[in-house]
$ cat query.tsv   # TSV, C-alpha atoms
chain	number	residue	atom	x	y	z
A	1036	MET	CA	-141.62	-11.26	84.67
A	1037	ILE	CA	-138.65	-9.51	83.06
A	1038	GLU	CA	-140.77	-6.48	82.16
A	1039	ASP	CA	-142.22	-6.24	85.67
A	1040	ALA	CA	-138.74	-6.39	87.15
A	1041	ALA	CA	-137.47	-3.79	84.66
A	1042	PHE	CA	-140.14	-1.33	85.75
A	1043	GLU	CA	-139.18	-1.95	89.38
A	1044	VAL	CA	-135.49	-1.30	88.73
A	1045	ILE	CA	-136.24	1.83	86.68
A	1046	GLU	CA	-138.44	3.21	89.46
A	1047	ARG	CA	-135.70	2.52	92.00
A	1048	GLU	CA	-132.64	3.58	90.00
A	1049	GLY	CA	-134.10	5.97	87.41
A	1050	LEU	CA	-133.51	5.75	83.68
A	1051	SER	CA	-129.91	6.90	83.99
A	1052	GLY	CA	-129.17	4.28	86.64
A	1053	PHE	CA	-130.82	1.34	84.90
A	1054	SER	CA	-128.70	-1.44	83.43
A	1055	MET	CA	-129.22	-5.00	82.27
A	1056	ARG	CA	-126.78	-6.06	85.00
A	1057	LYS	CA	-128.98	-4.50	87.71
A	1058	LEU	CA	-132.03	-6.09	86.13
A	1059	ALA	CA	-130.31	-9.48	86.18
A	1060	ALA	CA	-129.46	-9.00	89.85
A	1061	ARG	CA	-133.10	-8.22	90.59
A	1062	LEU	CA	-134.15	-11.40	88.77
A	1063	GLY	CA	-131.39	-13.52	90.29
A	1064	CYS	CA	-129.89	-14.54	86.96
A	1065	GLU	CA	-127.04	-13.69	84.61
A	1066	ALA	CA	-127.47	-10.73	82.25
A	1067	MET	CA	-126.92	-13.04	79.27
A	1068	SER	CA	-130.11	-14.89	80.22
A	1069	ILE	CA	-132.09	-11.68	79.66
A	1070	TYR	CA	-130.49	-11.16	76.25
A	1071	HIS	CA	-132.09	-14.42	75.09
A	1072	HIS	CA	-135.45	-12.65	75.45
A	1073	PHE	CA	-134.42	-9.07	74.64
A	1074	PRO	CA	-131.36	-8.70	72.37
A	1075	SER	CA	-130.63	-5.20	73.72
A	1076	GLN	CA	-131.82	-2.62	76.20
A	1077	ALA	CA	-133.52	-0.84	73.29
A	1078	HIS	CA	-135.58	-3.99	72.59
A	1079	LEU	CA	-136.53	-4.17	76.28
A	1080	TYR	CA	-137.57	-0.51	76.40
A	1081	GLU	CA	-139.61	-0.98	73.24
A	1082	ALA	CA	-141.43	-3.86	74.93
A	1083	LEU	CA	-142.11	-1.68	77.97
A	1084	VAL	CA	-143.57	1.08	75.78
A	1085	ASP	CA	-145.69	-1.43	73.86
A	1086	ARG	CA	-146.95	-2.86	77.13
A	1087	GLN	CA	-147.96	0.55	78.43
A	1088	MET	CA	-149.59	1.61	75.18
A	1089	SER	CA	-151.53	-1.65	74.99
A	1090	GLY	CA	-153.29	-0.56	78.18
A	1091	LEU	CA	-154.49	2.70	76.61
A	1092	VAL	CA	-158.26	2.52	76.21
A	1093	ILE	CA	-159.56	3.99	72.95
A	1094	PRO	CA	-162.87	5.79	73.65
A	1095	ASP	CA	-165.97	4.31	72.10
A	1096	ASP	CA	-166.97	6.04	68.88
A	1097	SER	CA	-170.60	6.13	70.00
A	1098	LEU	CA	-169.70	8.87	72.51
A	1099	PRO	CA	-169.92	12.58	71.64
A	1100	TRP	CA	-166.76	13.74	69.90
A	1101	ARG	CA	-165.64	16.10	72.69
A	1102	GLU	CA	-165.98	13.32	75.25
A	1103	ARG	CA	-163.94	10.98	73.06
A	1104	ALA	CA	-161.17	13.58	72.77
A	1105	ARG	CA	-161.22	14.16	76.53
A	1106	ILE	CA	-160.99	10.45	77.32
A	1107	GLY	CA	-158.22	9.89	74.79
A	1108	MET	CA	-156.04	12.59	76.35
A	1109	GLN	CA	-156.84	11.48	79.90
A	1110	GLU	CA	-155.95	7.92	78.97
A	1111	PHE	CA	-152.52	8.81	77.61
A	1112	ARG	CA	-151.73	10.76	80.78
A	1113	ARG	CA	-152.89	7.85	82.92
A	1114	VAL	CA	-150.83	5.30	81.03
A	1115	ALA	CA	-147.69	7.45	80.82
A	1116	THR	CA	-147.68	8.21	84.55
A	1117	GLU	CA	-148.24	4.64	85.75
A	1118	HIS	CA	-144.46	4.27	86.00
A	1119	PRO	CA	-143.25	7.83	86.76
A	1120	ALA	CA	-139.54	7.17	86.32
A	1121	PHE	CA	-140.16	5.73	82.85
A	1122	ALA	CA	-142.40	8.63	81.79
A	1123	PRO	CA	-139.58	10.84	80.42
A	1124	PHE	CA	-138.73	8.03	78.01
A	1125	ILE	CA	-142.24	7.22	76.82
A	1126	VAL	CA	-143.28	10.82	76.13
A	1127	VAL	CA	-140.46	11.38	73.62
A	1128	TYR	CA	-140.39	7.84	72.23
A	1129	ARG	CA	-141.18	7.70	68.51
A	1130	MET	CA	-143.96	5.16	68.56
A	1131	ASN	CA	-143.44	3.30	65.28
A	1132	SER	CA	-143.79	-0.30	66.48
A	1133	PRO	CA	-146.95	-2.13	65.30
A	1134	PRO	CA	-148.76	-2.02	68.69
A	1135	CYS	CA	-148.01	1.69	69.08
A	1136	LEU	CA	-148.95	2.48	65.49
A	1137	ALA	CA	-152.33	0.83	66.03
A	1138	LYS	CA	-153.03	3.13	68.98
A	1139	LEU	CA	-151.76	6.21	67.15
A	1140	ASN	CA	-153.89	5.36	64.14
A	1141	ALA	CA	-156.98	5.17	66.34
A	1142	ILE	CA	-156.23	8.46	68.11
A	1143	ILE	CA	-155.47	10.35	64.90
A	1144	GLY	CA	-158.68	8.87	63.50
A	1145	LEU	CA	-160.49	10.37	66.48
A	1146	PHE	CA	-159.33	13.85	65.40
A	1147	GLU	CA	-160.35	13.12	61.82
A	1148	ASP	CA	-163.81	12.14	63.09
A	1149	GLY	CA	-164.08	15.67	64.45
A	1150	GLY	CA	-164.36	16.89	60.87
A	1151	PHE	CA	-161.16	18.94	60.89
A	1152	GLY	CA	-159.73	17.55	57.65
A	1153	PRO	CA	-156.34	15.82	57.24
A	1154	GLU	CA	-154.00	18.76	57.89
A	1155	LEU	CA	-155.81	20.30	60.85
A	1156	SER	CA	-156.42	16.87	62.39
A	1157	ALA	CA	-152.68	16.19	62.26
A	1158	ARG	CA	-151.81	19.57	63.74
A	1159	LEU	CA	-154.36	19.26	66.54
A	1160	PHE	CA	-153.08	15.77	67.33
A	1161	ARG	CA	-149.57	17.21	67.63
A	1162	ALA	CA	-150.78	20.16	69.71
A	1163	ALA	CA	-152.51	17.74	72.08
A	1164	GLY	CA	-149.24	15.85	72.32
A	1165	TYR	CA	-147.38	19.04	73.26
A	1166	TYR	CA	-149.80	19.66	76.12
A	1167	LEU	CA	-149.69	16.06	77.32
A	1168	MET	CA	-145.91	15.78	77.18
A	1169	GLY	CA	-145.46	18.96	79.17
A	1170	ALA	CA	-147.99	17.92	81.80
A	1171	ILE	CA	-146.57	14.42	82.14
A	1172	LEU	CA	-142.97	15.59	82.40
A	1173	ASP	CA	-143.89	18.22	84.98
A	1174	GLU	CA	-145.87	15.74	87.07
A	1175	THR	CA	-143.21	13.02	87.00
A	1176	ALA	CA	-139.89	14.88	86.75
A	1177	GLY	CA	-140.67	18.53	87.50
A	1178	TYR	CA	-142.19	19.98	90.64
A	1179	ALA	CA	-142.84	16.46	91.90
A	1180	LYS	CA	-139.08	16.17	92.47
A	1181	GLY	CA	-138.69	19.38	94.44
A	1182	PRO	CA	-136.14	22.17	93.85
A	1183	SER	CA	-133.62	21.85	91.01
A	1184	ALA	CA	-131.33	24.73	91.94
A	1185	VAL	CA	-128.18	24.15	93.96
A	1186	THR	CA	-128.36	27.69	95.32
A	1187	THR	CA	-131.65	28.03	97.17
A	1188	VAL	CA	-133.14	30.68	99.46
A	1189	SER	CA	-134.48	30.36	102.96
A	1190	ASP	CA	-138.20	30.20	103.64
A	1191	GLU	CA	-137.95	33.63	105.27
A	1192	ASP	CA	-136.28	35.19	102.20
A	1193	LEU	CA	-138.70	33.42	99.89
A	1194	ALA	CA	-141.72	34.85	101.72
A	1195	ARG	CA	-140.23	38.35	101.78
A	1196	ASP	CA	-138.82	38.64	98.27
A	1197	TYR	CA	-141.00	36.31	96.21
A	1198	PRO	CA	-144.54	36.43	97.66
A	1199	SER	CA	-146.24	35.52	94.38
A	1200	VAL	CA	-144.17	32.34	94.15
A	1201	VAL	CA	-145.09	31.43	97.72
A	1202	ALA	CA	-148.79	32.01	97.06
A	1203	ALA	CA	-148.75	29.97	93.84
A	1204	GLY	CA	-146.64	27.23	95.40
A	1205	ALA	CA	-149.64	26.01	97.37
A	1206	TYR	CA	-151.09	24.74	94.09
A	1207	PHE	CA	-147.92	23.29	92.55
A	1208	GLY	CA	-147.83	20.05	94.54
A	1209	ALA	CA	-148.94	16.60	93.46
A	1210	ALA	CA	-152.28	17.06	95.20
A	1211	GLY	CA	-153.15	19.72	92.63
A	1212	PHE	CA	-152.00	17.93	89.48
A	1213	ASP	CA	-155.42	16.57	88.50
A	1214	LYS	CA	-157.23	19.87	88.89
A	1215	THR	CA	-154.57	21.77	86.96
A	1216	PHE	CA	-154.50	19.19	84.17
A	1217	GLU	CA	-158.28	19.17	83.83
A	1218	LEU	CA	-158.35	22.99	83.69
A	1219	GLY	CA	-155.88	23.02	80.79
A	1220	LEU	CA	-157.63	20.11	79.10
A	1221	GLU	CA	-160.99	21.89	79.11
A	1222	MET	CA	-159.36	25.03	77.68
A	1223	PHE	CA	-157.82	22.94	74.91
A	1224	LEU	CA	-161.14	21.21	74.18
A	1225	ASP	CA	-162.96	24.55	74.12
A	1226	GLU	CA	-160.54	25.88	71.51
A	1227	MET	CA	-160.87	22.72	69.41
A	1228	GLU	CA	-164.65	23.10	69.51
A	1229	ARG	CA	-164.28	26.71	68.37
A	1230	VAL	CA	-162.00	25.69	65.50
A	1231	ARG	CA	-164.36	22.88	64.62
A	1232	GLU	CA	-167.37	25.18	64.40
A	1233	ALA	CA	-165.40	27.72	62.38
A	1234	ALA	CA	-164.38	25.00	59.90
A	1235	ARG	CA	-167.99	23.85	59.60
A	1236	SER	CA	-169.21	27.41	59.01
A	1237	GLU	CA	-166.55	27.96	56.36
A	1238	THR	CA	-167.51	24.72	54.61
A	1239	ALA	CA	-171.18	25.68	54.67
A	1240	GLN	CA	-170.36	29.15	53.37
A	1241	ASP	CA	-168.27	27.72	50.53
A	1242	GLY	CA	-171.12	25.40	49.63
A	1243	GLY	CA	-173.59	28.26	49.60
A	1244	ASP	CA	-171.31	30.41	47.45
A	1245	ARG	CA	-170.90	27.65	44.90
A	1246	ALA	CA	-174.63	27.10	44.76
A	1247	HIS	CA	-175.21	30.82	44.25
A	1248	THR	CA	-172.59	30.93	41.47
A	1249	LYS	CA	-174.29	28.08	39.61
A	1250	LYS	CA	-177.58	29.97	39.66

$ encode --input "query.tsv" --output "structure tokens"
Amino acid sequence: MIEDAAFEVIEREGLSGFSMRKLAARLGCEAMSIYHHFPSQAHLYEALVDRQMSGLVIPDDSLPWRERARIGMQEFRRVATEHPAFAPFIVVYRMNSPPCLAKLNAIIGLFEDGGFGPELSARLFRAAGYYLMGAILDETAGYAKGPSAVTTVSDEDLARDYPSVVAAGAYFGAAGFDKTFELGLEMFLDEMERVREAARSETAQDGGDRAHTKK
């Protein structure tokens, strides 16, 4: 109940406007009552992250590797955007609690299953994170929120002086988020497949060279 109410207050007030006092008001209790369950706001936020991450579905290892990678990345985006106002916190949160570590271990293991080796698996995992964090932040706190600038231009000036921006703007809205994300995701998966095949070819070549040397 406290976690549900916390998400509601965060969505209404934003991360900067959230407080345990406002949460207590939403619950109709004193703030000290909440501290019996969560010693600090940091403990509460950790519980919210753990709750979201617990809903992340790890793809079945019987699926083709590319499909597993696709599902894993789609799942993190889905989970992180369930509560848009909380997304900027979860994408930069260092997930070292036991529930989060279990999910991270499974996802990193997915990259290892691709046959990339320890170092490349780790780097690809991080690269995937870069793409996901950028997409999630843009979708929840970027263009979804409208203009950031205080000094703006009229629609007439925009059309006259910045026609490329106007033309592209038709695809920047929330209605286009899925298509744009999937386009980038497929590009990322294509490159991982290329790297994967190159690593396999190199391994096979090394094996052949060693066999030739022994002869």

$ closest_residue --input "query.tsv" --among "A:Val1114, A:Leu1062, A:Met1130, A:Leu1145" --to "Leu1098 in chain A" --atoms "all atoms listed in the file"
A:Leu1145

$ atom_distance --input "query.tsv" --atom1 "CA of His1071 in chain A" --atom2 "CA of Met1088 in chain A"
23.7 Å

$ closest_residue --input "query.tsv" --among "A:Phe1160, A:Phe1207, A:Phe1042, A:Tyr1128" --to "Pro1182 in chain A" --atoms "all atoms listed in the file"
A:Phe1207

$ residues_around --input "query.tsv" --residues "Gly1164 in chain A" --least-positions-apart "6" --cutoff "10 Å" --atoms "only C-alpha atoms" --output "list in words"
Met1108, Phe1111, Val1126, Val1127, Arg1158 and Ala1170 of chain A

$ closest_atom_pairs --input "query.tsv" --of "range 1153-1186 of chain A" --to "range 1221-1236 of chain A" --cutoff "12 Å" --atoms "all atoms listed in the file" --output "Markdown table"
| residue | atom | partner | partner_atom | distance |
| --- | --- | --- | --- | --- |
| A:Leu1155 | CA | A:Val1230 | CA | 9.4 |
| A:Ser1156 | CA | A:Met1227 | CA | 10.2 |
| A:Arg1158 | CA | A:Met1227 | CA | 11.1 |
| A:Leu1159 | CA | A:Met1227 | CA | 7.9 |
| A:Phe1160 | CA | A:Met1227 | CA | 10.6 |
| A:Ala1162 | CA | A:Phe1223 | CA | 9.2 |
| A:Ala1163 | CA | A:Phe1223 | CA | 8.0 |
| A:Gly1164 | CA | A:Phe1223 | CA | 11.4 |
| A:Tyr1165 | CA | A:Phe1223 | CA | 11.3 |
| A:Tyr1166 | CA | A:Phe1223 | CA | 8.7 |
| A:Leu1167 | CA | A:Phe1223 | CA | 10.9 |

$ atom_distance --input "query.tsv" --atom1 "CA of Asp1173 in chain A" --atom2 "CA of Arg1086 in chain A"
22.7 Å

$ atom_distance --input "query.tsv" --atom1 "CA of Glu1191 in chain A" --atom2 "CA of Gly1211 in chain A"
24.2 Å

$ closest_residue --input "query.tsv" --among "A:Ala1122, A:Ile1171, A:Ile1093, A:Ala1041" --to "Met1055 in chain A" --atoms "all atoms listed in the file"
A:Ala1041

$ residues_around --input "query.tsv" --residues "Ala1066 in chain A" --least-positions-apart "2" --cutoff "12 Å" --atoms "all atoms listed in the file" --output "list of chain:residue names"
A:Ile1037, A:Ser1054, A:Met1055, A:Arg1056, A:Lys1057, A:Leu1058, A:Ala1059, A:Ala1060, A:Arg1061, A:Leu1062, A:Gly1063, A:Cys1064, A:Ser1068, A:Ile1069, A:Tyr1070, A:His1071, A:His1072, A:Phe1073, A:Pro1074, A:Ser1075, A:Gln1076

$ axis_aligned_box --input "query.tsv" --around "range 1207-1224 of chain A" --padding-each-side "6 Å" --output "AutoDock Vina command-line options"
--center_x -154.5 --center_y 20.8 --center_z 84.7 --size_x 25.3 --size_y 20.5 --size_z 33.0

$ closest_residue --input "query.tsv" --among "A:Asp1196, A:Gly1219, A:Asp1213, A:His1118" --to "Leu1050 in chain A" --atoms "all atoms listed in the file"
A:His1118

$ build_atoms --input "query.tsv" --residues "range 1181-1214 of chain A" --atoms "N, CA and C atoms" --output "short mmCIF file (atom, residue, chain, number, x, y, z; two decimals), in the coordinates of the input"
data_model
loop_
_atom_site.label_atom_id
_atom_site.label_comp_id
_atom_site.auth_asym_id
_atom_site.auth_seq_id
_atom_site.Cartn_x
_atom_site.Cartn_y
_atom_site.Cartn_z
N GLY A 1181 -139.20 18.34 93.58
CA GLY A 1181 -138.69 19.38 94.44
C GLY A 1181 -137.75 20.33 93.72
N PRO A 1182 -137.00 21.16 94.46
CA PRO A 1182 -136.14 22.17 93.85
C PRO A 1182 -135.05 21.56 92.96
N SER A 1183 -134.71 22.25 91.88
CA SER A 1183 -133.62 21.85 91.01
C SER A 1183 -132.34 22.62 91.30
N ALA A 1184 -132.48 23.85 91.76
CA ALA A 1184 -131.33 24.73 91.94
C ALA A 1184 -130.44 24.25 93.09
N VAL A 1185 -129.15 24.43 92.90
CA VAL A 1185 -128.18 24.15 93.96
C VAL A 1185 -128.20 25.29 94.98
N THR A 1186 -128.31 26.50 94.46
CA THR A 1186 -128.36 27.69 95.32
C THR A 1186 -129.83 28.02 95.60
N THR A 1187 -130.25 27.78 96.80
CA THR A 1187 -131.65 28.03 97.17
C THR A 1187 -131.72 29.19 98.16
N VAL A 1188 -132.93 29.60 98.48
CA VAL A 1188 -133.14 30.68 99.46
C VAL A 1188 -133.91 30.13 100.65
N SER A 1189 -133.78 30.80 101.76
CA SER A 1189 -134.48 30.36 102.96
C SER A 1189 -135.97 30.64 102.82
N ASP A 1190 -136.75 29.96 103.66
CA ASP A 1190 -138.20 30.20 103.64
C ASP A 1190 -138.52 31.66 103.98
N GLU A 1191 -137.73 32.24 104.88
CA GLU A 1191 -137.95 33.63 105.27
C GLU A 1191 -137.70 34.58 104.08
N ASP A 1192 -136.59 34.35 103.36
CA ASP A 1192 -136.28 35.19 102.20
C ASP A 1192 -137.29 34.97 101.08
N LEU A 1193 -137.72 33.74 100.93
CA LEU A 1193 -138.70 33.42 99.89
C LEU A 1193 -139.99 34.19 100.13
N ALA A 1194 -140.47 34.16 101.38
CA ALA A 1194 -141.72 34.85 101.72
C ALA A 1194 -141.59 36.37 101.55
N ARG A 1195 -140.42 36.91 101.86
CA ARG A 1195 -140.23 38.35 101.78
C ARG A 1195 -140.04 38.84 100.35
N ASP A 1196 -139.22 38.14 99.59
CA ASP A 1196 -138.82 38.64 98.27
C ASP A 1196 -139.64 38.08 97.11
N TYR A 1197 -140.29 36.95 97.31
CA TYR A 1197 -141.00 36.31 96.21
C TYR A 1197 -142.40 35.85 96.65
N PRO A 1198 -143.22 36.80 97.10
CA PRO A 1198 -144.54 36.43 97.66
C PRO A 1198 -145.47 35.76 96.65
N SER A 1199 -145.36 36.14 95.38
CA SER A 1199 -146.24 35.52 94.38
C SER A 1199 -145.89 34.05 94.19
N VAL A 1200 -144.60 33.73 94.26
CA VAL A 1200 -144.17 32.34 94.15
C VAL A 1200 -144.69 31.53 95.33
N VAL A 1201 -144.60 32.12 96.52
CA VAL A 1201 -145.09 31.43 97.72
C VAL A 1201 -146.59 31.16 97.61
N ALA A 1202 -147.34 32.17 97.17
CA ALA A 1202 -148.79 32.01 97.06
C ALA A 1202 -149.15 30.94 96.03
N ALA A 1203 -148.46 30.95 94.89
CA ALA A 1203 -148.75 29.97 93.84
C ALA A 1203 -148.29 28.58 94.23
N GLY A 1204 -147.22 28.52 95.03
CA GLY A 1204 -146.64 27.23 95.40
C GLY A 1204 -147.62 26.28 96.07
N ALA A 1205 -148.63 26.84 96.71
CA ALA A 1205 -149.64 26.01 97.37
C ALA A 1205 -150.38 25.11 96.39
N TYR A 1206 -150.34 25.49 95.10
CA TYR A 1206 -151.09 24.74 94.09
C TYR A 1206 -150.17 23.97 93.14
N PHE A 1207 -148.88 23.96 93.43
CA PHE A 1207 -147.92 23.29 92.55
C PHE A 1207 -147.70 21.82 92.90
N GLY A 1208 -148.10 21.41 94.07
CA GLY A 1208 -147.83 20.05 94.54
C GLY A 1208 -148.65 18.99 93.84
N ALA A 1209 -148.28 17.74 94.10
CA ALA A 1209 -148.94 16.60 93.46
C ALA A 1209 -150.44 16.56 93.72
N ALA A 1210 -150.85 17.08 94.87
CA ALA A 1210 -152.28 17.06 95.20
C ALA A 1210 -153.10 17.90 94.22
N GLY A 1211 -152.44 18.85 93.56
CA GLY A 1211 -153.15 19.72 92.63
C GLY A 1211 -153.00 19.35 91.17
N PHE A 1212 -152.27 18.29 90.88
CA PHE A 1212 -152.00 17.93 89.48
C PHE A 1212 -153.28 17.69 88.69
N ASP A 1213 -154.20 16.92 89.24
CA ASP A 1213 -155.42 16.57 88.50
C ASP A 1213 -156.24 17.81 88.14
N LYS A 1214 -156.41 18.69 89.12
CA LYS A 1214 -157.23 19.87 88.89
C LYS A 1214 -156.59 20.78 87.85
#
